[in-house]
Structures are given as structure tokens and as C-alpha cells.
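Quick look at run.cif (mmCIF, C-alpha atoms and all ligand atoms):
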data_protein
#
loop_
_atom_site.group_PDB
_atom_site.id
_atom_site.type_symbol
_atom_site.label_atom_id
_atom_site.label_comp_id
_atom_site.auth_asym_id
_atom_site.auth_seq_id
_atom_site.Cartn_x
_atom_site.Cartn_y
_atom_site.Cartn_z
ATOM 1 C CA MET A 1 -52.153 47.810 7.978
ATOM 2 C CA LYS A 2 -49.740 49.660 5.727
ATOM 3 C CA LYS A 3 -51.707 52.872 5.397
ATOM 4 C CA TYR A 4 -49.489 55.637 6.782
ATOM 5 C CA ARG A 5 -45.957 56.224 5.641
ATOM 6 C CA VAL A 6 -43.317 58.673 6.854
ATOM 7 C CA ILE A 7 -42.290 61.310 4.311
ATOM 8 C CA SER A 8 -39.694 63.117 6.422
ATOM 9 C CA THR A 9 -38.813 63.617 10.053
ATOM 10 C CA GLN A 10 -37.871 66.465 12.335
ATOM 11 C CA LYS A 11 -36.862 66.436 16.004
ATOM 12 C CA GLN A 12 -40.264 65.576 17.469
ATOM 13 C CA THR A 13 -42.564 65.365 14.501
ATOM 14 C CA ALA A 14 -42.830 63.405 11.304
ATOM 15 C CA LEU A 15 -44.706 64.262 8.145
ATOM 16 C CA VAL A 16 -46.858 61.252 7.287
ATOM 17 C CA ILE A 17 -48.770 60.470 4.103
ATOM 18 C CA ASN A 18 -51.988 58.507 3.906
ATOM 19 C CA THR A 19 -51.001 56.232 1.024
ATOM 20 C CA GLU A 20 -54.634 55.772 -0.026
ATOM 21 C CA SER A 21 -55.803 59.380 -0.088
ATOM 22 C CA GLY A 22 -52.451 61.128 -0.509
ATOM 23 C CA VAL A 23 -53.301 63.475 2.384
ATOM 24 C CA GLN A 24 -50.306 64.540 4.454
ATOM 25 C CA GLN A 25 -50.285 65.137 8.187
ATOM 26 C CA ALA A 26 -47.733 66.226 10.772
ATOM 27 C CA CYS A 27 -47.567 63.720 13.631
ATOM 28 C CA PHE A 28 -45.787 63.735 16.946
ATOM 29 C CA PHE A 29 -43.788 60.756 18.109
ATOM 30 C CA ALA A 30 -42.593 59.711 21.545
ATOM 31 C CA ARG A 31 -38.913 59.846 22.436
ATOM 32 C CA LYS A 32 -38.560 56.111 22.804
ATOM 33 C CA PHE A 33 -38.945 55.499 19.104
ATOM 34 C CA LYS A 34 -37.871 57.607 16.221
ATOM 35 C CA PRO A 35 -39.361 56.801 12.834
ATOM 36 C CA ILE A 36 -37.302 57.365 9.697
ATOM 37 C CA CYS A 37 -38.230 58.296 6.138
ATOM 38 C CA GLY A 38 -40.117 55.433 4.486
ATOM 39 C CA ASP A 39 -41.344 53.799 7.687
ATOM 40 C CA TYR A 40 -44.893 52.502 7.797
ATOM 41 C CA VAL A 41 -46.551 53.657 11.015
ATOM 42 C CA GLU A 42 -49.797 53.522 12.939
ATOM 43 C CA ILE A 43 -51.241 56.772 14.216
ATOM 44 C CA GLN A 44 -53.783 57.836 16.793
ATOM 45 C CA ILE A 45 -55.755 61.072 16.886
ATOM 46 C CA ASN A 46 -56.073 62.647 20.296
ATOM 47 C CA LYS A 47 -57.766 66.051 20.683
ATOM 48 C CA ASN A 48 -56.773 67.099 17.169
ATOM 49 C CA GLU A 49 -53.226 65.974 17.756
ATOM 50 C CA HIS A 50 -51.823 63.129 15.705
ATOM 51 C CA LEU A 51 -49.470 60.760 17.441
ATOM 52 C CA ILE A 52 -47.410 57.916 16.000
ATOM 53 C CA THR A 53 -48.124 54.874 18.163
ATOM 54 C CA LYS A 54 -46.266 52.148 16.316
ATOM 55 C CA ILE A 55 -43.569 51.653 13.703
ATOM 56 C CA LEU A 56 -44.354 48.589 11.604
ATOM 57 C CA PRO A 57 -41.562 46.034 11.047
ATOM 58 C CA GLN A 58 -39.087 47.289 8.436
ATOM 59 C CA ASN A 59 -38.414 45.291 5.312
ATOM 60 C CA ASN A 60 -34.937 46.730 5.076
ATOM 61 C CA VAL A 61 -33.057 49.934 5.821
ATOM 62 C CA PHE A 62 -30.644 52.038 3.807
ATOM 63 C CA SER A 63 -27.827 53.153 6.093
ATOM 64 C CA ARG A 64 -24.502 54.927 6.181
ATOM 65 C CA ALA A 65 -21.776 55.502 8.757
ATOM 66 C CA ASN A 66 -22.176 58.266 11.288
ATOM 67 C CA HIS A 67 -19.050 60.152 12.376
ATOM 68 C CA LYS A 68 -18.164 57.311 14.752
ATOM 69 C CA GLY A 69 -18.459 54.556 12.161
ATOM 70 C CA GLN A 70 -21.737 53.247 13.549
ATOM 71 C CA ARG A 71 -24.555 52.283 11.254
ATOM 72 C CA GLN A 72 -26.958 55.202 10.892
ATOM 73 C CA ASN A 73 -30.323 54.508 9.318
ATOM 74 C CA ILE A 74 -31.488 56.872 6.586
ATOM 75 C CA ALA A 75 -34.605 55.363 5.007
ATOM 76 C CA ALA A 76 -36.702 52.229 5.463
ATOM 77 C CA ASN A 77 -38.477 49.859 3.086
ATOM 78 C CA VAL A 78 -36.406 50.792 0.044
ATOM 79 C CA ASP A 79 -36.441 48.517 -3.025
ATOM 80 C CA ASN A 80 -34.122 50.378 -5.388
ATOM 81 C CA GLN A 81 -30.952 52.287 -4.665
ATOM 82 C CA ILE A 82 -30.452 54.579 -7.638
ATOM 83 C CA ILE A 83 -26.816 55.639 -7.683
ATOM 84 C CA VAL A 84 -26.549 58.833 -9.715
ATOM 85 C CA VAL A 85 -23.132 59.658 -11.113
ATOM 86 C CA ALA A 86 -21.946 62.330 -13.516
ATOM 87 C CA VAL A 87 -18.689 63.292 -15.178
ATOM 88 C CA LYS A 88 -18.919 66.481 -13.177
ATOM 89 C CA PRO A 89 -18.743 66.394 -10.207
ATOM 90 C CA GLU A 90 -16.616 63.317 -10.826
ATOM 91 C CA PRO A 91 -17.286 60.481 -8.376
ATOM 92 C CA THR A 92 -14.613 60.101 -5.716
ATOM 93 C CA ARG A 93 -12.578 56.918 -5.957
ATOM 94 C CA ASP A 94 -14.476 53.839 -4.714
ATOM 95 C CA LEU A 95 -17.734 55.756 -4.293
ATOM 96 C CA ILE A 96 -19.768 53.567 -6.647
ATOM 97 C CA ASN A 97 -18.310 50.407 -5.106
ATOM 98 C CA ARG A 98 -19.156 51.576 -1.604
ATOM 99 C CA TYR A 99 -22.733 52.170 -2.626
ATOM 100 C CA LEU A 100 -22.881 48.734 -4.228
ATOM 101 C CA ILE A 101 -21.675 47.099 -1.010
ATOM 102 C CA ALA A 102 -24.359 48.978 0.920
ATOM 103 C CA ALA A 103 -27.001 47.957 -1.624
ATOM 104 C CA HIS A 104 -26.078 44.337 -1.123
ATOM 105 C CA LEU A 105 -25.968 44.473 2.681
ATOM 106 C CA CYS A 106 -29.157 46.547 2.923
ATOM 107 C CA GLY A 107 -31.043 44.332 0.465
ATOM 108 C CA MET A 108 -31.720 46.915 -2.249
ATOM 109 C CA LYS A 109 -31.443 46.547 -6.008
ATOM 110 C CA PRO A 110 -28.736 48.946 -7.187
ATOM 111 C CA ILE A 111 -29.315 50.857 -10.415
ATOM 112 C CA ILE A 112 -26.431 52.971 -11.695
ATOM 113 C CA VAL A 113 -27.620 56.074 -13.530
ATOM 114 C CA PHE A 114 -25.061 57.999 -15.548
ATOM 115 C CA ASN A 115 -26.640 61.433 -15.701
ATOM 116 C CA LYS A 116 -25.508 64.450 -17.743
ATOM 117 C CA ASN A 117 -24.841 62.153 -20.700
ATOM 118 C CA ASP A 118 -24.544 65.307 -22.783
ATOM 119 C CA MET A 119 -21.114 65.854 -21.212
ATOM 120 C CA ASP A 120 -18.413 63.201 -21.683
ATOM 121 C CA LYS A 121 -19.096 59.982 -23.531
ATOM 122 C CA ASP A 122 -15.783 58.215 -22.791
ATOM 123 C CA PHE A 123 -16.239 58.229 -19.039
ATOM 124 C CA PHE A 124 -19.743 56.880 -19.433
ATOM 125 C CA ASN A 125 -18.872 54.154 -21.858
ATOM 126 C CA GLU A 126 -15.947 52.773 -19.874
ATOM 127 C CA THR A 127 -17.645 52.810 -16.490
ATOM 128 C CA ASN A 128 -20.927 51.623 -17.928
ATOM 129 C CA ASP A 129 -19.277 48.640 -19.663
ATOM 130 C CA LEU A 130 -17.515 47.603 -16.475
ATOM 131 C CA TYR A 131 -20.617 47.589 -14.299
ATOM 132 C CA GLN A 132 -22.812 46.064 -16.960
ATOM 133 C CA SER A 133 -20.340 43.199 -17.349
ATOM 134 C CA LEU A 134 -20.666 42.578 -13.615
ATOM 135 C CA GLY A 135 -24.422 42.172 -14.019
ATOM 136 C CA TYR A 136 -25.604 45.531 -12.694
ATOM 137 C CA THR A 137 -28.465 47.484 -14.208
ATOM 138 C CA THR A 138 -27.152 50.714 -15.708
ATOM 139 C CA LEU A 139 -28.778 53.577 -17.542
ATOM 140 C CA SER A 140 -27.589 56.806 -19.068
ATOM 141 C CA THR A 141 -29.800 59.866 -18.660
ATOM 142 C CA ASN A 142 -29.944 63.534 -19.396
ATOM 143 C CA ALA A 143 -32.136 65.673 -17.179
ATOM 144 C CA LYS A 144 -31.878 68.589 -19.599
ATOM 145 C CA ASN A 145 -33.672 66.865 -22.469
ATOM 146 C CA GLN A 146 -35.214 63.955 -20.514
ATOM 147 C CA THR A 147 -33.383 61.156 -22.353
ATOM 148 C CA ASN A 148 -34.130 57.584 -21.214
ATOM 149 C CA PHE A 149 -36.671 58.526 -18.577
ATOM 150 C CA ASP A 150 -39.193 55.927 -19.765
ATOM 151 C CA GLU A 151 -36.713 53.185 -18.860
ATOM 152 C CA LEU A 152 -35.969 54.733 -15.503
ATOM 153 C CA ILE A 153 -39.655 55.172 -14.665
ATOM 154 C CA ALA A 154 -40.317 51.552 -15.644
ATOM 155 C CA LEU A 155 -37.677 50.406 -13.137
ATOM 156 C CA MET A 156 -39.324 52.532 -10.430
ATOM 157 C CA THR A 157 -42.896 51.345 -11.000
ATOM 158 C CA ASN A 158 -44.436 49.727 -7.903
ATOM 159 C CA LYS A 159 -41.193 50.274 -6.004
ATOM 160 C CA THR A 160 -39.695 52.607 -3.447
ATOM 161 C CA SER A 161 -36.488 54.075 -4.846
ATOM 162 C CA ILE A 162 -33.875 56.216 -3.150
ATOM 163 C CA PHE A 163 -31.613 58.537 -5.132
ATOM 164 C CA VAL A 164 -28.069 58.710 -3.792
ATOM 165 C CA GLY A 165 -24.864 60.293 -5.019
ATOM 166 C CA MET A 166 -22.663 63.337 -4.789
ATOM 167 C CA SER A 167 -23.998 66.823 -4.492
ATOM 168 C CA GLY A 168 -24.641 68.336 -7.911
ATOM 169 C CA VAL A 169 -24.925 65.148 -9.988
ATOM 170 C CA GLY A 170 -28.607 65.833 -10.716
ATOM 171 C CA LYS A 171 -30.648 63.751 -8.244
ATOM 172 C CA SER A 172 -33.208 66.490 -7.706
ATOM 173 C CA SER A 173 -33.309 67.432 -11.398
ATOM 174 C CA ILE A 174 -34.149 63.819 -12.277
ATOM 175 C CA SER A 175 -36.670 63.620 -9.428
ATOM 176 C CA GLU A 176 -38.456 66.777 -10.607
ATOM 177 C CA ILE A 177 -39.033 65.251 -14.036
ATOM 178 C CA ILE A 178 -40.396 62.015 -12.602
ATOM 179 C CA LEU A 179 -42.565 63.797 -10.035
ATOM 180 C CA LYS A 180 -43.672 66.502 -12.485
ATOM 181 C CA GLN A 181 -43.249 69.098 -9.765
ATOM 182 C CA PRO A 182 -40.542 71.386 -8.448
ATOM 183 C CA LEU A 183 -38.822 70.034 -5.347
ATOM 184 C CA LYS A 184 -38.158 71.683 -2.040
ATOM 185 C CA THR A 185 -34.809 73.358 -2.339
ATOM 186 C CA GLY A 186 -32.336 74.276 0.343
ATOM 187 C CA GLU A 187 -32.581 77.422 2.399
ATOM 188 C CA ILE A 188 -31.207 80.647 1.058
ATOM 189 C CA SER A 189 -27.500 80.603 1.785
ATOM 190 C CA LYS A 190 -26.651 82.966 4.627
ATOM 191 C CA LYS A 191 -23.171 83.516 3.263
ATOM 192 C CA THR A 192 -23.968 84.383 -0.328
ATOM 193 C CA GLY A 193 -27.613 85.381 -0.071
ATOM 194 C CA LYS A 194 -28.302 83.275 -3.151
ATOM 195 C CA GLY A 195 -30.935 80.618 -3.363
ATOM 196 C CA SER A 196 -29.583 77.124 -3.679
ATOM 197 C CA HIS A 197 -31.111 73.928 -4.920
ATOM 198 C CA VAL A 198 -29.085 71.772 -2.618
ATOM 199 C CA THR A 199 -31.292 69.166 -0.966
ATOM 200 C CA SER A 200 -31.050 69.384 2.814
ATOM 201 C CA VAL A 201 -33.312 66.592 4.094
ATOM 202 C CA THR A 202 -34.213 63.075 3.046
ATOM 203 C CA HIS A 203 -37.741 63.346 1.699
ATOM 204 C CA MET A 204 -40.121 60.806 0.193
ATOM 205 C CA TYR A 205 -42.578 61.620 -2.602
ATOM 206 C CA LYS A 206 -45.451 59.650 -4.095
ATOM 207 C CA ILE A 207 -44.859 59.326 -7.841
ATOM 208 C CA PRO A 208 -47.853 60.516 -9.894
ATOM 209 C CA ASP A 209 -49.490 58.230 -12.478
ATOM 210 C CA ILE A 210 -47.518 55.098 -11.566
ATOM 211 C CA GLU A 211 -47.520 53.328 -8.229
ATOM 212 C CA GLY A 212 -44.268 54.040 -6.485
ATOM 213 C CA PHE A 213 -42.342 56.257 -4.119
ATOM 214 C CA LEU A 214 -39.226 58.306 -4.700
ATOM 215 C CA ILE A 215 -36.813 59.385 -1.974
ATOM 216 C CA ASP A 216 -34.546 62.342 -2.671
ATOM 217 C CA SER A 217 -31.585 62.538 -0.314
ATOM 218 C CA PRO A 218 -28.937 65.195 0.227
ATOM 219 C CA GLY A 219 -25.726 64.716 -1.727
ATOM 220 C CA VAL A 220 -22.662 63.587 0.157
ATOM 221 C CA TRP A 221 -19.012 64.159 -0.585
ATOM 222 C CA GLU A 222 -17.970 60.717 0.565
ATOM 223 C CA TYR A 223 -20.413 57.944 1.341
ATOM 224 C CA GLY A 224 -19.060 56.221 4.449
ATOM 225 C CA LEU A 225 -19.612 52.544 5.109
ATOM 226 C CA TRP A 226 -20.158 51.708 8.752
ATOM 227 C CA LYS A 227 -17.724 49.419 10.517
ATOM 228 C CA MET A 228 -17.865 46.001 8.854
ATOM 229 C CA ASP A 229 -15.507 43.103 8.246
ATOM 230 C CA GLU A 230 -13.800 41.812 5.087
ATOM 231 C CA HIS A 231 -16.484 39.219 4.448
ATOM 232 C CA ASP A 232 -19.243 41.843 4.447
ATOM 233 C CA ILE A 233 -17.220 43.903 1.983
ATOM 234 C CA ALA A 234 -16.490 40.870 -0.223
ATOM 235 C CA ALA A 235 -20.219 40.103 -0.267
ATOM 236 C CA GLY A 236 -20.709 43.333 -2.220
ATOM 237 C CA PHE A 237 -18.416 42.152 -5.033
ATOM 238 C CA PRO A 238 -20.322 39.664 -7.215
ATOM 239 C CA GLU A 239 -17.174 38.733 -9.145
ATOM 240 C CA ILE A 240 -15.496 37.705 -5.877
ATOM 241 C CA GLN A 241 -18.575 35.707 -4.860
ATOM 242 C CA ALA A 242 -18.520 33.939 -8.225
ATOM 243 C CA LYS A 243 -14.948 32.722 -7.627
ATOM 244 C CA MET A 244 -15.329 31.670 -4.008
ATOM 245 C CA GLY A 245 -14.351 28.197 -2.902
ATOM 246 C CA HIS A 246 -10.888 28.128 -4.483
ATOM 247 C CA CYS A 247 -8.946 29.611 -1.571
ATOM 248 C CA LYS A 248 -6.652 27.526 0.636
ATOM 249 C CA PHE A 249 -8.251 28.906 3.794
ATOM 250 C CA SER A 250 -11.997 28.808 4.164
ATOM 251 C CA ASN A 251 -12.015 32.126 6.040
ATOM 252 C CA CYS A 252 -9.718 33.776 3.467
ATOM 253 C CA THR A 253 -10.109 37.555 3.268
ATOM 254 C CA HIS A 254 -8.416 37.609 -0.180
ATOM 255 C CA THR A 255 -5.933 40.232 0.975
ATOM 256 C CA HIS A 256 -2.620 38.638 2.012
ATOM 257 C CA GLU A 257 -3.281 34.893 2.331
ATOM 258 C CA PRO A 258 -1.257 32.341 0.325
ATOM 259 C CA GLY A 259 -3.190 30.136 -2.066
ATOM 260 C CA CYS A 260 -5.951 32.690 -2.566
ATOM 261 C CA GLY A 261 -8.254 31.889 -5.486
ATOM 262 C CA ILE A 262 -9.386 35.493 -5.781
ATOM 263 C CA LYS A 263 -5.858 36.834 -6.148
ATOM 264 C CA ALA A 264 -5.223 34.133 -8.761
ATOM 265 C CA ALA A 265 -8.342 35.240 -10.639
ATOM 266 C CA VAL A 266 -7.076 38.832 -10.598
ATOM 267 C CA GLU A 267 -3.730 37.685 -12.023
ATOM 268 C CA ASN A 268 -5.536 35.701 -14.737
ATOM 269 C CA LYS A 269 -7.563 38.812 -15.537
ATOM 270 C CA GLU A 270 -10.805 37.042 -14.675
ATOM 271 C CA ILE A 271 -11.401 39.697 -12.039
ATOM 272 C CA ASN A 272 -10.880 43.343 -12.938
ATOM 273 C CA GLN A 273 -7.704 44.662 -11.286
ATOM 274 C CA LEU A 274 -9.240 48.082 -10.583
ATOM 275 C CA ARG A 275 -12.181 46.550 -8.751
ATOM 276 C CA TYR A 276 -9.841 44.336 -6.716
ATOM 277 C CA ASN A 277 -7.695 47.361 -5.809
ATOM 278 C CA SER A 278 -10.864 49.101 -4.715
ATOM 279 C CA TYR A 279 -11.796 46.073 -2.588
ATOM 280 C CA LEU A 280 -8.425 46.313 -0.813
ATOM 281 C CA ARG A 281 -8.746 50.070 -0.274
ATOM 282 C CA ILE A 282 -12.245 49.737 1.175
ATOM 283 C CA ILE A 283 -11.011 47.090 3.618
ATOM 284 C CA ASP A 284 -8.120 49.349 4.493
ATOM 285 C CA SER A 285 -10.455 52.300 5.080
ATOM 286 C CA MET A 286 -12.071 50.374 7.950
ATOM 287 C CA LYS A 287 -8.834 50.894 9.907
ATOM 288 C CA TYR A 288 -9.863 54.498 10.310
ATOM 289 C CA TRP A 289 -12.601 53.469 12.757
ATOM 290 C CA ASP A 290 -10.194 51.248 14.717
ATOM 291 C CA GLU A 291 -7.435 53.839 14.854
ATOM 292 C CA ASN A 292 -9.890 56.333 16.237
ATOM 293 C CA ASN A 293 -11.113 53.800 18.805
ATOM 294 C CA TYR A 294 -14.664 53.792 17.567
HETATM 295 N N1 LIG B 301 -25.611 69.355 -18.477
HETATM 296 C C1 LIG B 301 -26.447 68.785 -17.619
HETATM 297 N N2 LIG B 301 -26.689 69.378 -16.410
HETATM 298 C C2 LIG B 301 -27.536 68.778 -15.546
HETATM 299 C C3 LIG B 301 -28.165 67.550 -15.864
HETATM 300 N N3 LIG B 301 -28.921 67.178 -14.791
HETATM 301 C C4 LIG B 301 -28.775 68.147 -13.851
HETATM 302 N N4 LIG B 301 -27.941 69.119 -14.299
HETATM 303 C C5 LIG B 301 -27.537 70.334 -13.546
HETATM 304 O O1 LIG B 301 -26.729 69.970 -12.444
HETATM 305 C C6 LIG B 301 -26.918 70.866 -11.334
HETATM 306 C C7 LIG B 301 -27.173 70.107 -10.046
HETATM 307 O O2 LIG B 301 -28.420 69.410 -10.123
HETATM 308 P P1 LIG B 301 -29.256 68.961 -8.837
HETATM 309 O O3 LIG B 301 -30.417 68.206 -9.374
HETATM 310 O O4 LIG B 301 -29.542 70.106 -7.947
HETATM 311 O O5 LIG B 301 -28.218 67.993 -8.104
HETATM 312 P P2 LIG B 301 -28.421 67.093 -6.792
HETATM 313 O O6 LIG B 301 -27.783 65.787 -7.067
HETATM 314 O O7 LIG B 301 -29.842 67.069 -6.382
HETATM 315 O O8 LIG B 301 -27.544 67.874 -5.690
HETATM 316 P P3 LIG B 301 -27.722 67.870 -4.070
HETATM 317 O O9 LIG B 301 -29.130 68.196 -3.750
HETATM 318 O O10 LIG B 301 -26.736 68.919 -3.622
HETATM 319 O O11 LIG B 301 -27.319 66.520 -3.599
HETATM 320 C C8 LIG B 301 -28.056 71.800 -11.749
HETATM 321 O O12 LIG B 301 -27.494 73.014 -12.170
HETATM 322 C C9 LIG B 301 -28.717 71.063 -12.922
HETATM 323 O O13 LIG B 301 -29.319 71.950 -13.818
HETATM 324 C C10 LIG B 301 -27.895 66.942 -17.157
HETATM 325 O O14 LIG B 301 -28.384 65.859 -17.512
HETATM 326 N N5 LIG B 301 -27.032 67.597 -17.971
HETATM 327 MG MG MG B 302 -30.776 67.561 -4.569
HETATM 328 ZN ZN ZN B 303 -8.934 34.228 -0.976
#
Could you render the structure from this file as C-alpha cells?
Amino acid sequence: MKKYRVISTQKQTALVINTESGVQQACFFARKFKPICGDYVEIQINKNEHLITKILPQNNVFSRANHKGQRQNIAANVDNQIIVVAVKPEPTRDLINRYLIAAHLCGMKPIIVFNKNDMDKDFFNETNDLYQSLGYTTLSTNAKNQTNFDELIALMTNKTSIFVGMSGVGKSSISEIILKQPLKTGEISKKTGKGSHVTSVTHMYKIPDIEGFLIDSPGVWEYGLWKMDEHDIAAGFPEIQAKMGHCKFSNCTHTHEPGCGIKAAVENKEINQLRYNSYLRIIDSMKYWDENNY
């Protein structure tokens, strides 16, 4: 029965929400299994202590690379991956494409949200046009005056959505508007003594008024894809998938092979050159894990 769901986890305990009553409860879990944010669990009450006794099968899992290039699971049972980008801080090269590959492999619907649309229209228009033409859902928002939030909330209704993106793009600001409550902010910085709003843990919230859950995650400088092969990476490029079947070799990686239909499509301008370059760079970045013997 899908009644209890993990909000956040610590070393030995997890905060769990009763999805029917909304009541939250700290629960212990045994070493042999470690629940993650978004997991549905079964719990037992023993002398006033709550214990997680089972993790229910996961629909899917949002992951990223750990420092060794292994797949590290961040949150379970996630329908939407909301990629928040802003002109400032500007997304690092390939960041959006990496997230899109992960969305595909993890089985989430990606939604690209261009936040801070009060800042630079050119960046938004160009990037937005590109991803829209590839079939992705995009939206432009402004957390200062709450532009386009009705559309965003509609996409999140009856779903579990995780906000991802660089630190400072506005994930928590957007979340606060949707949740109608201030979010937990980071600890007071020891260095500066100033309070910061930087999110430090992955945390799930029940959205008021509509059915749905929102997961706020800490911003990352570079989202790392775990070790995967060229075919996994190509699977995250719908324009490459659309042109498959025209390569001389059936196991073509579309990098160096003669008679490659994908390279021909790039030359004919049927596939965007910048996206193809990004595809090559992402494949190349996998060498890092090999070179470091991971
Ligand atoms: N101009 C403008 N500023 C915004 C907008 N949305 C958020 N900001 C500001 O951007 C800064 C960072 O916002 P946060 O919501 O803390 O960013 P975050 O993505 O949660 O960052 P991390 O928790 O570090 O990952 C804050 O100073 C916000 O006030 C917007 O639409 N326009
Ligand atoms: Mg935040
Ligand atoms: Zn090819």
C-alpha cells in the first residue's frame, strides 16, 4: 500500500510523510537498506519507535555520477525532471543536454524552465526555440512576479517533480511560490556569518491544493553522468533517434565511422551542429572515468 513516502534522509533516519493525513514522522531504518527521497515504504511501530521495514518497488530513479563515475541514486518515483536554467548563472556547456540524457535513461519527462525571464530575452529565445523544435516542453518563468506559474503548476498536477539545475538559478524561489511556504534554507555560513538560501539536502514537499509532490534539490556546478556507453548517450538525443537506420554499421556510434547517417544529417543541417558537437563532447567526457580507472 502506497501510504508512507520518504521526504528526506539522514544517516540512520528518514523523515516520512503519511500521504493521506500529511503527518510527518521520523523513522529509523536498518543498515541493509537505505531509502532515498521519494521512496514509498512500509513502517512498523515498536515501543514508540518507528522503523522502516520495507521499501516498495521503485518506478524509476533519478541519478547522477558519484566521484567515481558510478550511478548514485538521488530520488525515486519521479515523473517530471524540471530543469531550471537562467541567464545568470549561465548554464555550463552541455549541462542541459546532460540532464536530458538522464531524463531519458531514468524515465522522467523533462521540462525546461527558463527562469529570471526579466533578465535577457535573446538567450531565452534562442535556447527555447532550439529545444522546442526538438519536441521538448519549455516554459519561461519569473519568480519575482510569478509569470507563467499556472502553466507550470498544471504540468505538476498529479505528478512528482524534481527541480534540478545550477545553484542560484531560482529552484527554491520557484518552489516557494508553488508550495506557498518558505523553504528550509542552508545553515548559516561559518565563513561569512551570513544566512544563505542555498539548499543543502534533497527534500520532498506535498504541494497544497493540487495533488502532487515537489522535490527541491541542491544546485550543482556540473551535473555528472555516470559511466555509460555511446548508445545510452545517443538515446538521449531525439534527433539522432529520428535518423537512425541510415548508418553503414548497425552498431555505429556516429563519431568516426564511415557511412554514418547521423554525420550526413549534420552536414545537411537536418541535425543541429551545436547539439551534435555536444553529443561528441559528452561521449568524450566518459574517458575521464576510464583514465582514472573507475
Ligand atoms: N531577477 C530574478 N531573480 C530571481 C528570479 N528567481 C530567483 N531569483 C533570485 O535568484 C537567487 C537564487 O535563487 P534560489 O531560489 O535560492 O536558487 P536555487 O536554484 O534554489 O539555488 P541552490 O539552492 O543553491 O541550488 C535569489 O536571490 C532569488 O531572489 C527571477 O525570476 N528573476
Ligand atoms: Mg535552492
Ligand atoms: Zn552513425
Within 10 Å of ligand MG 302 (chain B), counting all atoms listed in the file, residues as a ChimeraX atom specification: /A:163-176,183-186,196-202,216-219
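Evaluated against this file, the PyMOL selection byres (((chain A and resi 10) around 12) and not hetatm) yields Val6, Ile7, Ser8, Thr9, Lys11, Gln12, Thr13, Ala14, Leu15, Val16, Ala26, Cys27, Phe28, Phe29, Lys34, Pro35, Ile36, Cys37, Val201, Thr202 and His203 of chain A.
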Dump the neighbourhood of ligand ZN 303 (chain B) as a ChimeraX atom specification: all residues within 12 Å, distances computed on all atoms listed in the file. /A:230-231,234,240-241,243-266,276
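Coordinates place CA of Glu222 in chain A at a distance of 25.2 Å from CA of Ser133 in chain A.
In this structure, CA of Asn73 in chain A sits 17.3 Å away from CA of Lys109 in chain A.
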Run the PyMOL selection byres (((chain A and resi 118) around 10) and not hetatm) against the file shown and list the residues it catches, as JSON, numbers by chain. {"A": [87, 115, 116, 117, 119, 120, 121, 140, 141, 142, 143, 144, 145, 147]}
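CA of Tyr136 in chain A sits 7.2 Å away from CA of Pro110 in chain A.
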So that I can check the surroundings of Met228 in chain A, please list as a JSON list (two decimals) with C-alpha atoms, in the coordinates of the input every protein, DNA and RNA residue that reaches within 12 Å of it, counting all atoms listed in the file and ignoring chain neighbours fewer than 4 positions away.
[["chain", "number", "residue", "atom", "x", "y", "z"],
["A", 64, "ARG", "CA", -24.50, 54.93, 6.18],
["A", 65, "ALA", "CA", -21.78, 55.50, 8.76],
["A", 69, "GLY", "CA", -18.46, 54.56, 12.16],
["A", 70, "GLN", "CA", -21.74, 53.25, 13.55],
["A", 71, "ARG", "CA", -24.56, 52.28, 11.25],
["A", 98, "ARG", "CA", -19.16, 51.58, -1.60],
["A", 101, "ILE", "CA", -21.68, 47.10, -1.01],
["A", 102, "ALA", "CA", -24.36, 48.98, 0.92],
["A", 105, "LEU", "CA", -25.97, 44.47, 2.68],
["A", 224, "GLY", "CA", -19.06, 56.22, 4.45],
["A", 232, "ASP", "CA", -19.24, 41.84, 4.45],
["A", 233, "ILE", "CA", -17.22, 43.90, 1.98],
["A", 234, "ALA", "CA", -16.49, 40.87, -0.22],
["A", 235, "ALA", "CA", -20.22, 40.10, -0.27],
["A", 236, "GLY", "CA", -20.71, 43.33, -2.22],
["A", 282, "ILE", "CA", -12.24, 49.74, 1.18],
["A", 283, "ILE", "CA", -11.01, 47.09, 3.62],
["A", 284, "ASP", "CA", -8.12, 49.35, 4.49],
["A", 285, "SER", "CA", -10.46, 52.30, 5.08],
["A", 286, "MET", "CA", -12.07, 50.37, 7.95],
["A", 287, "LYS", "CA", -8.83, 50.89, 9.91],
["A", 288, "TYR", "CA", -9.86, 54.50, 10.31],
["A", 289, "TRP", "CA", -12.60, 53.47, 12.76],
["A", 290, "ASP", "CA", -10.19, 51.25, 14.72]]
Could you write out as a tab-separated table (two decimals) with C-alpha atoms, in the frame of the given file the residues that the PyMOL selection byres (((chain A and resi 61) around 12) and not hetatm) matches in the shown file?
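So the final result, stored in part27.tsv, reads:
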chain	number	residue	atom	x	y	z
A	35	PRO	CA	-39.36	56.80	12.83
A	36	ILE	CA	-37.30	57.36	9.70
A	37	CYS	CA	-38.23	58.30	6.14
A	38	GLY	CA	-40.12	55.43	4.49
A	39	ASP	CA	-41.34	53.80	7.69
A	57	PRO	CA	-41.56	46.03	11.05
A	58	GLN	CA	-39.09	47.29	8.44
A	59	ASN	CA	-38.41	45.29	5.31
A	60	ASN	CA	-34.94	46.73	5.08
A	62	PHE	CA	-30.64	52.04	3.81
A	63	SER	CA	-27.83	53.15	6.09
A	64	ARG	CA	-24.50	54.93	6.18
A	71	ARG	CA	-24.56	52.28	11.25
A	72	GLN	CA	-26.96	55.20	10.89
A	73	ASN	CA	-30.32	54.51	9.32
A	74	ILE	CA	-31.49	56.87	6.59
A	75	ALA	CA	-34.60	55.36	5.01
A	76	ALA	CA	-36.70	52.23	5.46
A	77	ASN	CA	-38.48	49.86	3.09
A	78	VAL	CA	-36.41	50.79	0.04
A	79	ASP	CA	-36.44	48.52	-3.02
A	80	ASN	CA	-34.12	50.38	-5.39
A	81	GLN	CA	-30.95	52.29	-4.66
A	102	ALA	CA	-24.36	48.98	0.92
A	103	ALA	CA	-27.00	47.96	-1.62
A	104	HIS	CA	-26.08	44.34	-1.12
A	105	LEU	CA	-25.97	44.47	2.68
A	106	CYS	CA	-29.16	46.55	2.92
A	107	GLY	CA	-31.04	44.33	0.46
A	108	MET	CA	-31.72	46.92	-2.25
A	160	THR	CA	-39.70	52.61	-3.45
A	161	SER	CA	-36.49	54.08	-4.85
A	162	ILE	CA	-33.88	56.22	-3.15
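If you measure from each of A:Ile177, A:Glu42, A:Phe33, A:Glu49 to ligand LIG 301 (chain B) using only C-alpha atoms and all ligand atoms, the closest one turns out to be A:Ile177.
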